[in-house]
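Colleague: Next up is a structure, given as structure tokens.
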Amino acid sequence: MAGTPSRPSDERSPRKEALARFLAAASGATSVEITRFERLQGGSVAENWALDASFWGGSMAGEARLVLRTPSPTRLASSLSPAAQFAILKAAFAAGVTVPEPLFASGEEGPLGKPFFIMRRVEGTAGAQQITRDPRIEAASDRIAETLGRELARIHRIRPPRADLSFLPPYDEVAAERQIAGFRASLDRHGAPRPVLEWAMAWLERHVPPLVPAVLCHHDFRTGNYMLEGTRLTGILDWEFAGWGDPHEDIGWFCSKGWRFARLDREAGGIADRAPFYRGYEAEGEGAVDPARVRFWEVLASVRWAMLALEQSDRYMKGGEKNLDLALTGRRATECELELLMLLDPGGYA
Amino acid sequence: MRLAREVLVDELTPLLPPERQLDARLAAAAIAIALREAAAGDEPALAVAAELARLYGLEAPQDPGRGEEMLRRFAGDLRAGALAGPRERGVRKVLWRLTLAKLREGNPKFLAANGFEV
């Protein structure tokens, strides 16, 4: 990208000036002018800011449309730091996964006084309701599901040991049990009894599958976390929960009912049947999908979703955060409980 | 309450800027839940409590507060694995009844979308 952009007569602020100086130093530009810096909608665990800038010289010379991502004040404790997310995004980008190109990262000592990273902005929508309702997407749903299966397999091609990802905790034979113990601790903090979740966690404990070699799991690979421009995939987003794990963990999460939105009948992310998604995954040569393992992780996904929902509502119930969306999210835990009963006791309600 | 919800949905929400309409819809959903809970009263909780009492061989409680205590005991027993074996069938019956009762008040559309009677 070449050429000399015209300088805009945009309002200046100390924060934008500091950010412009950071971008200039990071890119080797002689000067950078920020022409847009505004928060994008959505994101309860992270803030995304649209950042348009003009670069004079350096590796980014010309106009650039970027996103700055930084933790929100209400980030979850399990979220990775921006520096860690940046490293994972770089690894995924290098592995050929369709992700926004990661460009720069900064710590607390940087221009915003809090850590962030910057990536190229990708076009399209991640709106899950829109994606699962749009008839144009419906017409291409098998192809999209197959593409997503391929993308997931590419993520899973990243395996330990990796010096650049050495900050990730190891995956071991008690990883699933550790998750279950974490859910129980979280449920105890929540306080209200949830018999269905207790019953499902007891089932999980009895059915932990044998350990498989670890892969990089996205851990939130689902409809709502990828961008489509028309029917073309433009980016896999939101890597703050990534870590080493069983590849079926991501497959179960993607297929779990909590992420089907307007189309509960479409088991692959509310967009298609499982077959094209599995076919795409297997076509990348990362091994066959094992339905029994997927089932285990799908049950765990429903428990995990329920726990997230309860934690979110406790931000209002216990933390006093005035947010109606968070308050109502807790109700979704019961939807997960119905799914758990349907998975573990099919036909049990007569 | 019903009128308040109608005014919110039909008259006020369309007047709001698009970025605040979601909040208005959420507020309407919260009112709808409260309306269903008020209409159902204590009956669903007492029915679950009666099922639990059968499971434990106790007398059915008449006080919803006692039902909450029993639910807490039930959850603890499930974690401890104290209800495995012959009582498993009764356990599942309680779990289904409890979940369907909650969703009838909290999200009957979801229940219907999954093929259950509301």
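Ligands are numbered from 1 in the order shown, residues from 1 within each chain, and chains are lettered A, B, ... in the order they appear in the structure tokens.
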I need the chain A residues near chain B as JSON, numbers by chain; criterion: at most 8 Å, counting only C-alpha atoms.

Modeller: {"A": [192, 193, 194, 195, 196, 198, 199, 201, 202, 264, 324, 325, 328, 331, 334, 335, 337, 338, 341, 345, 348, 349]}

Colleague: Write the residues of the preceding selection, restricted to C-alpha atoms, as a short mmCIF file (atom, residue, chain, number, x, y, z; two decimals), in the first residue's frame.

Modeller:
data_model
loop_
_atom_site.label_atom_id
_atom_site.label_comp_id
_atom_site.auth_asym_id
_atom_site.auth_seq_id
_atom_site.Cartn_x
_atom_site.Cartn_y
_atom_site.Cartn_z
CA ALA A 192 -28.22 -21.53 44.56
CA PRO A 193 -28.68 -25.30 44.16
CA ARG A 194 -28.57 -26.58 40.56
CA PRO A 195 -29.37 -30.32 40.73
CA VAL A 196 -29.27 -30.88 36.95
CA GLU A 198 -24.64 -31.59 39.69
CA TRP A 199 -26.11 -34.69 38.04
CA MET A 201 -21.10 -33.22 36.33
CA ALA A 202 -21.29 -36.58 38.09
CA LEU A 264 -31.77 -25.43 16.98
CA LEU A 324 -30.11 -6.12 32.05
CA ASP A 325 -28.47 -8.40 29.50
CA LEU A 328 -31.14 -12.17 32.16
CA ARG A 331 -31.88 -17.69 32.89
CA THR A 334 -31.92 -23.62 32.54
CA GLU A 335 -31.87 -23.96 28.75
CA GLU A 337 -30.05 -27.97 31.79
CA LEU A 338 -32.83 -29.01 29.42
CA LEU A 341 -31.41 -33.92 30.16
CA ASP A 345 -31.76 -39.04 29.39
CA GLY A 348 -36.78 -39.70 29.77
CA TYR A 349 -39.66 -37.29 29.95
#

Colleague: Excluding A:Pro111 and its own-chain neighbours fewer than 3 positions away, which residues fall within 7 Å of it when counting only C-alpha atoms? Please give them as JSON, numbers by chain.

Modeller: {"A": [15, 18, 19, 22]}

Colleague: Those same residues, written as an mmCIF file, in the first residue's frame with N, CA and C atoms?

Modeller:
data_model
loop_
_atom_site.group_PDB
_atom_site.id
_atom_site.type_symbol
_atom_site.label_atom_id
_atom_site.label_comp_id
_atom_site.auth_asym_id
_atom_site.auth_seq_id
_atom_site.Cartn_x
_atom_site.Cartn_y
_atom_site.Cartn_z
ATOM 1 N N ARG A 15 -4.775 10.931 24.200
ATOM 2 C CA ARG A 15 -4.740 9.471 24.061
ATOM 3 C C ARG A 15 -4.483 9.071 22.606
ATOM 4 N N ALA A 18 -0.895 9.808 21.680
ATOM 5 C CA ALA A 18 0.020 8.795 22.235
ATOM 6 C C ALA A 18 -0.061 7.511 21.414
ATOM 7 N N LEU A 19 -1.282 7.170 21.030
ATOM 8 C CA LEU A 19 -1.475 5.958 20.225
ATOM 9 C C LEU A 19 -0.824 6.119 18.853
ATOM 10 N N PHE A 22 2.802 5.618 19.223
ATOM 11 C CA PHE A 22 3.084 4.181 19.379
ATOM 12 C C PHE A 22 3.063 3.481 18.024
#

Colleague: Skip stretch 310-320 of chain A itself and residues of its chain fewer than 4 positions away, then list as a list in words all residues within 6 Å of it, counting only C-alpha atoms.

Modeller: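 Residues near the query, excluding close chain neighbours: Leu326, Ala327, Thr329 and Gly330 of chain A.
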
Colleague: Kindly save the residues from that selection, with N, CA, C and O atoms included, as a PDB file, in the first residue's frame.

Modeller:
ATOM      1  N   LEU A 326     -26.846  -8.948  31.237  1.00  0.00           N
ATOM      2  CA  LEU A 326     -26.154  -9.855  32.156  1.00  0.00           C
ATOM      3  C   LEU A 326     -27.149 -10.499  33.111  1.00  0.00           C
ATOM      4  O   LEU A 326     -27.095 -11.712  33.364  1.00  0.00           O
ATOM      5  N   ALA A 327     -28.057  -9.684  33.641  1.00  0.00           N
ATOM      6  CA  ALA A 327     -29.016 -10.204  34.619  1.00  0.00           C
ATOM      7  C   ALA A 327     -29.849 -11.325  34.024  1.00  0.00           C
ATOM      8  O   ALA A 327     -30.090 -12.354  34.663  1.00  0.00           O
ATOM      9  N   THR A 329     -29.055 -13.210  31.436  1.00  0.00           N
ATOM     10  CA  THR A 329     -28.257 -14.330  30.927  1.00  0.00           C
ATOM     11  C   THR A 329     -28.318 -15.538  31.857  1.00  0.00           C
ATOM     12  O   THR A 329     -28.274 -16.681  31.407  1.00  0.00           O
ATOM     13  N   GLY A 330     -28.447 -15.277  33.159  1.00  0.00           N
ATOM     14  CA  GLY A 330     -28.518 -16.384  34.110  1.00  0.00           C
ATOM     15  C   GLY A 330     -29.645 -17.349  33.807  1.00  0.00           C
ATOM     16  O   GLY A 330     -29.551 -18.552  34.072  1.00  0.00           O
TER      17      GLY A 330
END

Colleague: Give me the residues within 12 Å of stretch 57-67 of chain A as a PyMOL selection string, counting only C-alpha atoms and dropping any in the same chain fewer than 6 places off.

Modeller: chain A and resi 1-8+23-40+46-51+100-105+116-123+237

Colleague: How many Å lie between atom CA of A:Leu211 and atom CA of A:Val174, rounded to one decimal?

Modeller: 8.7 Å

Colleague: Mind pulling up the distance from atom CA of A:Pro247 to atom CA of A:Ala176?

Modeller: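 Computed distance, atom CA of A:Ala176 to atom CA of A:Pro247, equals 12.8 Å.
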
Colleague: If I take atom CA of A:Leu112 and atom CA of A:Thr70, how far is one from the other in Å, to one decimal?

Modeller: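 Taking atom CA of A:Leu112 as the start and atom CA of A:Thr70 as the end point, the length is 9.6 Å.
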
Colleague: If you run DSSP on the backbone, which residues of stretch 85-293 of chain A are strand (DSSP E), as number ranges by chain?

Modeller: A: 102-106, 116-120, 215-217, 226-229, 232-236, 243-245

Colleague: Next, the residues of the selection above should be written as a PDB file, in the first residue's frame with C-alpha atoms.

Modeller:
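Contents of part.pdb, freshly written:
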ATOM      1  CA  PRO A 102      -2.051  -9.435  14.115  1.00  0.00           C
ATOM      2  CA  LEU A 103       0.159  -6.355  13.909  1.00  0.00           C
ATOM      3  CA  PHE A 104       1.236  -4.769  17.184  1.00  0.00           C
ATOM      4  CA  ALA A 105       0.862  -5.312  20.922  1.00  0.00           C
ATOM      5  CA  SER A 106       1.496  -3.157  23.965  1.00  0.00           C
ATOM      6  CA  PHE A 116      -3.921  -4.092  24.072  1.00  0.00           C
ATOM      7  CA  PHE A 117      -3.135  -5.477  20.663  1.00  0.00           C
ATOM      8  CA  ILE A 118      -3.903  -4.275  17.175  1.00  0.00           C
ATOM      9  CA  MET A 119      -4.953  -6.326  14.178  1.00  0.00           C
ATOM     10  CA  ARG A 120      -6.260  -5.615  10.711  1.00  0.00           C
ATOM     11  CA  VAL A 215      -3.700 -29.554  20.152  1.00  0.00           C
ATOM     12  CA  LEU A 216      -4.336 -25.831  20.240  1.00  0.00           C
ATOM     13  CA  CYS A 217      -8.043 -25.440  21.037  1.00  0.00           C
ATOM     14  CA  TYR A 226     -16.452 -15.817  13.146  1.00  0.00           C
ATOM     15  CA  MET A 227     -17.048 -13.151  10.520  1.00  0.00           C
ATOM     16  CA  LEU A 228     -18.857 -13.725   7.255  1.00  0.00           C
ATOM     17  CA  GLU A 229     -18.897 -11.240   4.419  1.00  0.00           C
ATOM     18  CA  ARG A 232     -17.308 -15.871   2.627  1.00  0.00           C
ATOM     19  CA  LEU A 233     -15.466 -16.504   5.869  1.00  0.00           C
ATOM     20  CA  THR A 234     -13.278 -13.497   6.675  1.00  0.00           C
ATOM     21  CA  GLY A 235     -12.015 -14.239  10.163  1.00  0.00           C
ATOM     22  CA  ILE A 236     -12.073 -16.455  13.238  1.00  0.00           C
ATOM     23  CA  GLY A 243      -5.251 -23.329  25.176  1.00  0.00           C
ATOM     24  CA  TRP A 244      -4.018 -26.883  24.771  1.00  0.00           C
ATOM     25  CA  GLY A 245      -6.748 -29.503  24.789  1.00  0.00           C
TER      26      GLY A 245
END

Colleague: Please identify the helix (DSSP H, G or I) residues within stretch 94-130 of chain A (assignment by DSSP from backbone atoms) and present them as a PDB file with N, CA, C and O atoms, in the first residue's frame.

Modeller:
ATOM      1  N   ALA A  94       0.052 -17.699  11.049  1.00  0.00           N
ATOM      2  CA  ALA A  94       1.152 -18.394  10.375  1.00  0.00           C
ATOM      3  C   ALA A  94       0.741 -19.803   9.937  1.00  0.00           C
ATOM      4  O   ALA A  94       1.269 -20.337   8.964  1.00  0.00           O
ATOM      5  N   ALA A 128     -24.750 -13.590  15.295  1.00  0.00           N
ATOM      6  CA  ALA A 128     -25.193 -14.986  15.240  1.00  0.00           C
ATOM      7  C   ALA A 128     -26.654 -15.121  14.810  1.00  0.00           C
ATOM      8  O   ALA A 128     -27.004 -16.034  14.051  1.00  0.00           O
ATOM      9  N   GLN A 129     -27.497 -14.221  15.297  1.00  0.00           N
ATOM     10  CA  GLN A 129     -28.907 -14.292  14.896  1.00  0.00           C
ATOM     11  C   GLN A 129     -29.039 -14.062  13.398  1.00  0.00           C
ATOM     12  O   GLN A 129     -29.774 -14.762  12.710  1.00  0.00           O
ATOM     13  N   GLN A 130     -28.278 -13.082  12.913  1.00  0.00           N
ATOM     14  CA  GLN A 130     -28.324 -12.779  11.481  1.00  0.00           C
ATOM     15  C   GLN A 130     -27.800 -13.962  10.662  1.00  0.00           C
ATOM     16  O   GLN A 130     -28.410 -14.360   9.658  1.00  0.00           O
TER      17      GLN A 130
END

Colleague: Find the residues around A:Phe296 up to 12 Å (only C-alpha atoms counted), leave out those fewer than 5 positions away in its own chain, and share them as an mmCIF file with N, CA, C and O atoms, in the first residue's frame.

Modeller:
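As written to disk, around04.cif reads:
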data_model
loop_
_atom_site.group_PDB
_atom_site.id
_atom_site.type_symbol
_atom_site.label_atom_id
_atom_site.label_comp_id
_atom_site.auth_asym_id
_atom_site.auth_seq_id
_atom_site.Cartn_x
_atom_site.Cartn_y
_atom_site.Cartn_z
ATOM 1 N N ALA A 176 -9.799 -32.664 32.197
ATOM 2 C CA ALA A 176 -11.263 -32.636 32.262
ATOM 3 C C ALA A 176 -11.729 -32.579 33.713
ATOM 4 O O ALA A 176 -12.646 -31.822 34.054
ATOM 5 N N ALA A 200 -25.236 -33.816 35.939
ATOM 6 C CA ALA A 200 -24.459 -33.884 34.690
ATOM 7 C C ALA A 200 -22.964 -33.929 34.997
ATOM 8 O O ALA A 200 -22.215 -34.660 34.329
ATOM 9 N N MET A 201 -22.530 -33.194 35.999
ATOM 10 C CA MET A 201 -21.096 -33.216 36.327
ATOM 11 C C MET A 201 -20.680 -34.592 36.870
ATOM 12 O O MET A 201 -19.578 -35.065 36.596
ATOM 13 N N TRP A 203 -22.029 -37.345 35.885
ATOM 14 C CA TRP A 203 -21.933 -38.167 34.662
ATOM 15 C C TRP A 203 -20.594 -37.914 33.970
ATOM 16 O O TRP A 203 -19.906 -38.852 33.555
ATOM 17 N N LEU A 204 -20.235 -36.650 33.846
ATOM 18 C CA LEU A 204 -18.968 -36.308 33.184
ATOM 19 C C LEU A 204 -17.798 -36.986 33.894
ATOM 20 O O LEU A 204 -16.908 -37.552 33.253
ATOM 21 N N GLU A 205 -17.824 -36.932 35.205
ATOM 22 C CA GLU A 205 -16.725 -37.504 35.990
ATOM 23 C C GLU A 205 -16.569 -38.997 35.716
ATOM 24 O O GLU A 205 -15.463 -39.514 35.693
ATOM 25 N N ARG A 206 -17.697 -39.657 35.484
ATOM 26 C CA ARG A 206 -17.660 -41.112 35.238
ATOM 27 C C ARG A 206 -17.303 -41.445 33.794
ATOM 28 O O ARG A 206 -17.071 -42.607 33.483
ATOM 29 N N HIS A 207 -17.308 -40.468 32.907
ATOM 30 C CA HIS A 207 -17.132 -40.763 31.473
ATOM 31 C C HIS A 207 -15.984 -39.991 30.820
ATOM 32 O O HIS A 207 -16.006 -39.783 29.599
ATOM 33 N N VAL A 208 -15.005 -39.586 31.598
ATOM 34 C CA VAL A 208 -13.878 -38.839 31.016
ATOM 35 C C VAL A 208 -13.165 -39.734 30.002
ATOM 36 O O VAL A 208 -12.752 -40.838 30.336
ATOM 37 N N PRO A 209 -13.031 -39.276 28.750
ATOM 38 C CA PRO A 209 -12.370 -40.123 27.749
ATOM 39 C C PRO A 209 -10.858 -40.175 27.972
ATOM 40 O O PRO A 209 -10.293 -39.270 28.585
ATOM 41 N N PRO A 210 -10.223 -41.228 27.451
ATOM 42 C CA PRO A 210 -8.762 -41.312 27.604
ATOM 43 C C PRO A 210 -8.068 -40.118 26.947
ATOM 44 O O PRO A 210 -8.588 -39.533 25.991
ATOM 45 N N ASP A 246 -8.108 -31.324 24.048
ATOM 46 C CA ASP A 246 -8.590 -32.404 23.177
ATOM 47 C C ASP A 246 -9.301 -31.746 21.986
ATOM 48 O O ASP A 246 -10.185 -30.907 22.188
ATOM 49 N N HIS A 248 -11.644 -32.625 20.221
ATOM 50 C CA HIS A 248 -13.094 -32.800 20.245
ATOM 51 C C HIS A 248 -13.799 -31.782 21.139
ATOM 52 O O HIS A 248 -15.010 -31.603 21.063
ATOM 53 N N GLU A 249 -13.002 -31.148 21.988
ATOM 54 C CA GLU A 249 -13.549 -30.113 22.862
ATOM 55 C C GLU A 249 -14.139 -28.979 21.998
ATOM 56 O O GLU A 249 -15.245 -28.501 22.249
ATOM 57 N N ASP A 250 -13.378 -28.547 20.999
ATOM 58 C CA ASP A 250 -13.854 -27.481 20.111
ATOM 59 C C ASP A 250 -15.023 -27.947 19.251
ATOM 60 O O ASP A 250 -15.941 -27.170 18.974
ATOM 61 N N ILE A 251 -14.982 -29.208 18.824
ATOM 62 C CA ILE A 251 -16.070 -29.725 17.972
ATOM 63 C C ILE A 251 -17.373 -29.785 18.784
ATOM 64 O O ILE A 251 -18.434 -29.371 18.323
ATOM 65 N N GLY A 252 -17.271 -30.274 20.011
ATOM 66 C CA GLY A 252 -18.450 -30.356 20.884
ATOM 67 C C GLY A 252 -19.011 -28.978 21.202
ATOM 68 O O GLY A 252 -20.222 -28.776 21.246
ATOM 69 N N TRP A 253 -18.129 -28.024 21.432
ATOM 70 C CA TRP A 253 -18.553 -26.646 21.741
ATOM 71 C C TRP A 253 -19.281 -26.044 20.542
ATOM 72 O O TRP A 253 -20.351 -25.446 20.681
ATOM 73 N N CYS A 255 -20.876 -27.534 18.193
ATOM 74 C CA CYS A 255 -22.149 -28.199 17.893
ATOM 75 C C CYS A 255 -23.159 -28.100 19.038
ATOM 76 O O CYS A 255 -24.320 -28.485 18.856
ATOM 77 N N SER A 256 -22.750 -27.625 20.195
ATOM 78 C CA SER A 256 -23.681 -27.660 21.330
ATOM 79 C C SER A 256 -24.861 -26.712 21.090
ATOM 80 O O SER A 256 -24.738 -25.703 20.394
ATOM 81 N N ASP A 290 -14.557 -38.447 16.348
ATOM 82 C CA ASP A 290 -15.073 -39.577 17.135
ATOM 83 C C ASP A 290 -16.364 -39.119 17.833
ATOM 84 O O ASP A 290 -16.310 -38.327 18.788
ATOM 85 N N PRO A 291 -17.540 -39.609 17.364
ATOM 86 C CA PRO A 291 -18.815 -39.115 17.931
ATOM 87 C C PRO A 291 -18.934 -39.315 19.438
ATOM 88 O O PRO A 291 -19.541 -38.478 20.120
ATOM 89 N N ALA A 301 -19.801 -28.986 27.338
ATOM 90 C CA ALA A 301 -20.067 -27.644 26.789
ATOM 91 C C ALA A 301 -21.337 -27.059 27.402
ATOM 92 O O ALA A 301 -21.381 -25.872 27.738
ATOM 93 N N SER A 302 -22.374 -27.885 27.546
ATOM 94 C CA SER A 302 -23.621 -27.375 28.121
ATOM 95 C C SER A 302 -23.437 -26.986 29.585
ATOM 96 O O SER A 302 -24.017 -26.002 30.063
ATOM 97 N N VAL A 303 -22.633 -27.780 30.305
ATOM 98 C CA VAL A 303 -22.351 -27.413 31.701
ATOM 99 C C VAL A 303 -21.555 -26.109 31.734
ATOM 100 O O VAL A 303 -21.855 -25.189 32.507
ATOM 101 N N LEU A 340 -28.994 -30.812 28.693
ATOM 102 C CA LEU A 340 -28.287 -31.898 29.394
ATOM 103 C C LEU A 340 -29.214 -33.094 29.601
ATOM 104 O O LEU A 340 -28.822 -34.249 29.405
ATOM 105 N N LEU A 343 -29.692 -34.813 26.312
ATOM 106 C CA LEU A 343 -28.515 -35.582 25.895
ATOM 107 C C LEU A 343 -28.319 -36.844 26.721
ATOM 108 O O LEU A 343 -27.966 -37.898 26.189
ATOM 109 N N LEU A 344 -28.541 -36.734 28.030
ATOM 110 C CA LEU A 344 -28.190 -37.838 28.936
ATOM 111 C C LEU A 344 -29.365 -38.716 29.308
ATOM 112 O O LEU A 344 -29.175 -39.827 29.824
#

Colleague: Which residues are near A:Leu80? Cut-off 9 Å, only C-alpha atoms, ignore same chain within fewer than 5 positions. Put them as a ChimeraX atom specification.

Modeller: /A:85,239-242

Colleague: Contacts of B:Arg104 at 10 Å or less, counting only C-alpha atoms, minus same-chain residues fewer than 6 places along, as an mmCIF file with C-alpha atoms, in the first residue's frame?

Modeller:
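File produced: result-v4.cif:
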data_model
loop_
_atom_site.group_PDB
_atom_site.id
_atom_site.type_symbol
_atom_site.label_atom_id
_atom_site.label_comp_id
_atom_site.auth_asym_id
_atom_site.auth_seq_id
_atom_site.Cartn_x
_atom_site.Cartn_y
_atom_site.Cartn_z
ATOM 1 C CA ILE B 33 -41.093 -13.626 32.997
ATOM 2 C CA ARG B 36 -45.651 -15.794 34.191
ATOM 3 C CA GLU B 37 -44.075 -16.313 37.611
ATOM 4 C CA ALA B 40 -47.976 -19.674 38.368
ATOM 5 C CA PRO B 44 -44.627 -25.368 40.401
ATOM 6 C CA PHE B 110 -37.379 -22.449 24.026
ATOM 7 C CA LEU B 111 -39.372 -25.306 25.503
ATOM 8 C CA ALA B 112 -41.722 -25.331 22.540
ATOM 9 C CA PHE B 116 -42.194 -29.870 24.664
ATOM 10 C CA GLU B 117 -45.689 -28.857 25.626
ATOM 11 C CA VAL B 118 -45.842 -25.477 27.260
#
